[in-house]
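Colleague: Handing you this structure, nothing more for now.
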Amino acid sequence: MGLIAVVIGVTTIVSAQYMANSALEAKVDLPIVGLFERERNDGGYYTIVDEKGNVVSKTSRFVYPEDEIISEDDKLYRVERVSEDTAYAKYIKDVEMPMVSENTTLPVNSDAVPVQKNAKDLIGIYQTHNDESYVPTDGEESIQGAGGIVDVGQALSKQLKTQGVNTVWSDNGHLPHDQNAYKRSRRTAFQLLKQRPTALVDVHRDGIPDPDYYRASVGGQKVAKLRLVVGRQNQNMQANLDFAKRIKANVNKKYPGLIREIFMAKGNYNQDLSPRSVLIEAGTHTNDKERAINGVQLFADALPAVLGINTAPSKGGPGPSGVEGGGATNPGDWTSILWVLGALIVGGGIFLLISTGSWQKSWDSVKKAGAGQEWANFFGKAVRTRQRHKKGNMLESQINEKDFKIEEVEEKLVDTNDERAEYQKD
Amino acid sequence: MAGFPIGMIALLVVSVLIYFGLAHRILDRLRLTDKAALAIIAAIIIGSFIDIPITTGRVDTTINLGGGVIPILLSFYILFRAGTPKEWIRALIATGATAAAIWFIGSRLMTGDPGGRFDIIDPIYMYPIVGGSIAYLLGRSRRAAFVAATLGVLSLDFINYFYLASRGLGGTVAIGGAGAFDAIVLAGFIAVLLAEIVGEGRERLQGGPVSEGRPKELLQGLKKPQLDAEAGDKLTPDTETDSASVSREHNERGDKNE
């Protein structure tokens, strides 16, 4: 047995080495970012159009039916079908965007009393694809190690700090640039979450070849616009979408047009970790990095108010102060809770139905759990002994009367403790 | 700032409670008692805050207690308790196959951002589906599903370490660094859940477990009463008091569960 374990262990290490090497070889053959992104550079990106053929969006990420977009002018579109490089979306409705209530922005020397003087205001920032870069200024679209996107993330962090907002910025690398990068950046996100940030921002850039799609002049500065991406495959989707809408509405109020759109995409993007997480795409690889930096700096100016962070000096001294504001409330949180509970009830119900075979038995199972029998093993000897004693009396009479019908008796015994027997734990 | 709004706190609390509640029920399916399962959950939560450095230098390697050490130890414990060498080998083959499959899918098919051409589901859910499916196909076993998914996802970190080291790239390999929410932990839990649902569903569809051609011992185990034929034989009025014997049998089982 030991020998088998050693052989398998050695095989695993050798094959791991092989896979790592083969990844290396592949990287020599292909651009660093991988096969599909090369196709995108050759013009392989999606154009999303509405029913009239007007361009709603352009994106280098693959688009799927059910993906949704809230456009710059707050119109909701849903992708219905995708054909080659074109995605056909349907206009759904005009979205009412949530605005932060005015009282969150206190005037300097306001008499309002901070409600949580010691509350931490902290924003976590990281870059999942830390190789992403900007060709005109960085020379490459992808730089192994620290790409231009790391500078953009750092600029966002610095600008927030100048606002008096605490940030925790990570320059952790998550190479190579593949899907598993999100598994690796999940650890970075969790490390940041341990410091209890109010929000998490994952900084990216897009990969469409057209730089004009993001170029703009906002607030007197040349910027690359931003896209917010919300992952659809997690329980926090509604909360994060609400958060993204709030960001878009309030940032665009201060700097019209800075947020290009909200894209609700397939995927999780580690947004299951926090109901205040957002992925931003700062321009595309054909934009100048400075434009991207200018864009995130303006974004940083408007973000604190969305989170209910007041950056005006309070009576207690300079720096951020706690204010009670509508900015931090988020109806999407409650919608998310309903989804989570709904999924639990539906999923649990289906599972019970499968495992017990009928609605009646499923209900019995629920009742048993409710009566505490399910947890008899937890609550010490008192409960268990009492139950056993009760059952014991009954068993005795049954056995005497029914002439040792053990199986029937055992049915009752099993009920006293839902611990699975060893043979069932396979 | 306004601190965390009540809705956000409620959402976090509900999500975390359901997650750990479900995790507990899943561990309970793996030859663990209720209490042992609870102890492991507690250890994973507390361990999430402890990172143990392994190597330092160009590539820093750390392992998280809750997201790495405990799930790995649990996998090996389950593997050692698996019984037959056949089961051992099956679980290990499933682990190797899972490692290769998730590496191929995550690093080859799904390149770039989520939303790629072959992305049907986010990788965080892809790992357990692949691990659980491979293990289940090989051995129809919940335990093998747990082992294959956990150790399979762990192997991605070895691959990543070699990748970074061989390219001379700096970086951090934080094994299980996301603690209780790491892909390693999630993969193990979800794989068992899938094996459970598929297994139960399949048995339900075919009208009960297949018994034909199965070893006698196995069939004995499938019968609900622990009191098998032999125990039943002992329970004759001539030999000992029937109810006492039944009670004793039950006590033994109860005690074992404590």
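By order of appearance in the structure tokens: chains A, B, ..., then residues from 1 within every chain, and ligands from 1 in the order shown.
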Residues at most 9 Å from region 8-13 of chain B, counting only C-alpha atoms, excluding those fewer than 5 positions away in the same chain, as a list in words?
Modeller: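 In the requested form, the answer reads Asn236, Ala239, Ser274, Pro275, Arg276, Thr329, Asn330, Gly332, Asp333, Trp334, Ser336, Ile337 and Val340 of chain A; Ile18 of chain B.
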Colleague: Put those residues in a file: C-alpha atoms, as a PDB file, in the first residue's frame.
Modeller:
ATOM      1  CA  ASN A 236     -24.721  37.984  -4.378  1.00  0.00           C
ATOM      2  CA  ALA A 239     -26.679  42.878  -4.265  1.00  0.00           C
ATOM      3  CA  SER A 274     -18.743  39.937  -0.939  1.00  0.00           C
ATOM      4  CA  PRO A 275     -22.033  41.653  -1.737  1.00  0.00           C
ATOM      5  CA  ARG A 276     -20.017  44.807  -2.437  1.00  0.00           C
ATOM      6  CA  THR A 329     -28.251  50.831   1.940  1.00  0.00           C
ATOM      7  CA  ASN A 330     -28.878  48.453  -0.855  1.00  0.00           C
ATOM      8  CA  GLY A 332     -30.419  44.259  -3.684  1.00  0.00           C
ATOM      9  CA  ASP A 333     -29.142  42.756  -0.409  1.00  0.00           C
ATOM     10  CA  TRP A 334     -32.668  41.744   0.540  1.00  0.00           C
ATOM     11  CA  SER A 336     -30.253  38.330  -2.678  1.00  0.00           C
ATOM     12  CA  ILE A 337     -31.363  36.956   0.682  1.00  0.00           C
ATOM     13  CA  VAL A 340     -30.597  32.370  -1.261  1.00  0.00           C
TER      14      VAL A 340
ATOM     15  CA  ILE B  18     -26.363  28.037   4.961  1.00  0.00           C
TER      16      ILE B  18
END
Colleague: Can you tell me which residues surround Tyr91 (chain A) at a distance of at most 7 Å, considering only C-alpha atoms, apart from same-chain residues fewer than 3 positions away, and format the answer as a PyMOL selection string?
Modeller: chain A and resi 50+76-78
Colleague: Could you write out, as number ranges by chain, all the residues of region 19-202 of chain B that DSSP marks as helix (DSSP H, G or I)?
Modeller: B: 19-27, 34-47, 65-80, 85-109, 123-139, 142-167, 179-181, 183-202
Colleague: What lies within 8 Å of region 57-59 of chain A using only C-alpha atoms, ignoring chain neighbours under 6 positions off, as JSON, numbers by chain?
Modeller: {"A": [45, 46, 47, 48, 49, 71, 206, 207, 208, 213]}
Colleague: Just checking: using only C-alpha atoms, which residue out of B:Pro85, B:Gly170, B:Gly188, B:Gly179 ends up closest to Val59 (chain B)?
Modeller: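 Closest candidate: B:Gly170.
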Colleague: Which one is closest to chain B: A:Lys52, A:Lys183, A:His285, A:Arg81? Count only C-alpha atoms.
Modeller: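 That would be A:Lys183, the residue with the smallest distance to chain B.
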Colleague: Distance CA of Asn270 (chain A)-CA of Ser141 (chain B), one decimal place?
Modeller: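 For CA of Asn270 (chain A) relative to CA of Ser141 (chain B), the distance reads 29.3 Å.
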Colleague: In Å, rounded to a single decimal, give me how far CA of Ile63 (chain B) is from CA of Pro128 (chain B).
Modeller: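 About the pair CA of Pro128 (chain B) and CA of Ile63 (chain B): they are 20.5 Å apart.
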Colleague: Extract, using only C-alpha atoms, all DNA, RNA and protein residues at most 7 Å from region 195-205 of chain B, discarding same-chain residues fewer than 3 positions from it, and format them as a list in words.
Modeller: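 My reading of the contact set: Phe351, Ile354 and Ser355 of chain A; Gly132, Tyr136, Arg142, Ala145, Ala191, Val192, Gly208 and Pro209 of chain B.
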Colleague: Those residues with N, CA and C atoms, as a short mmCIF file (atom, residue, chain, number, x, y, z; two decimals), in the first residue's frame please?
Modeller:
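Output (part-v1.cif):
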data_model
loop_
_atom_site.label_atom_id
_atom_site.label_comp_id
_atom_site.auth_asym_id
_atom_site.auth_seq_id
_atom_site.Cartn_x
_atom_site.Cartn_y
_atom_site.Cartn_z
N PHE A 351 -34.11 17.66 -2.98
CA PHE A 351 -33.23 16.62 -2.44
C PHE A 351 -34.00 15.66 -1.52
N ILE A 354 -36.10 13.39 -3.57
CA ILE A 354 -35.32 12.32 -4.21
C ILE A 354 -34.93 11.26 -3.19
N SER A 355 -34.46 11.74 -2.04
CA SER A 355 -33.89 10.77 -1.09
C SER A 355 -34.96 10.00 -0.31
N GLY B 132 -16.12 15.44 -9.05
CA GLY B 132 -17.20 14.58 -8.56
C GLY B 132 -17.62 13.59 -9.64
N TYR B 136 -17.18 9.65 -9.33
CA TYR B 136 -18.42 8.90 -9.26
C TYR B 136 -18.46 7.84 -10.36
N ARG B 142 -19.05 8.61 -2.66
CA ARG B 142 -18.99 9.98 -2.15
C ARG B 142 -17.60 10.31 -1.66
N ALA B 145 -15.31 10.98 -4.39
CA ALA B 145 -15.61 12.29 -4.98
C ALA B 145 -14.93 13.39 -4.16
N ALA B 191 -18.57 18.36 -4.62
CA ALA B 191 -18.44 17.05 -5.27
C ALA B 191 -19.23 15.99 -4.51
N VAL B 192 -19.16 16.04 -3.18
CA VAL B 192 -19.91 15.06 -2.38
C VAL B 192 -21.41 15.29 -2.58
N GLY B 208 -34.34 1.43 -6.35
CA GLY B 208 -33.55 0.87 -5.25
C GLY B 208 -32.18 0.45 -5.75
N PRO B 209 -31.28 0.16 -4.81
CA PRO B 209 -29.92 -0.20 -5.20
C PRO B 209 -29.90 -1.53 -5.97
#
Colleague: Determine, counting only C-alpha atoms, which protein, DNA and RNA residues have an atom within 10 Å of an atom of Thr162 (chain A); residues of the same chain fewer than 2 positions away are not included. Present the result as JSON, numbers by chain.
Modeller: {"A": [157, 158, 159, 160, 164, 165, 166, 300, 301, 311, 319]}
Colleague: Go through A:Leu228, A:Ile262, A:Ile345, A:Val203 and flag the residue nearest Asp151 (chain A), using only C-alpha atoms for the distances.
Modeller: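 Among A:Leu228, A:Ile262, A:Ile345, A:Val203, it is A:Val203 that comes nearest to Asp151 (chain A).
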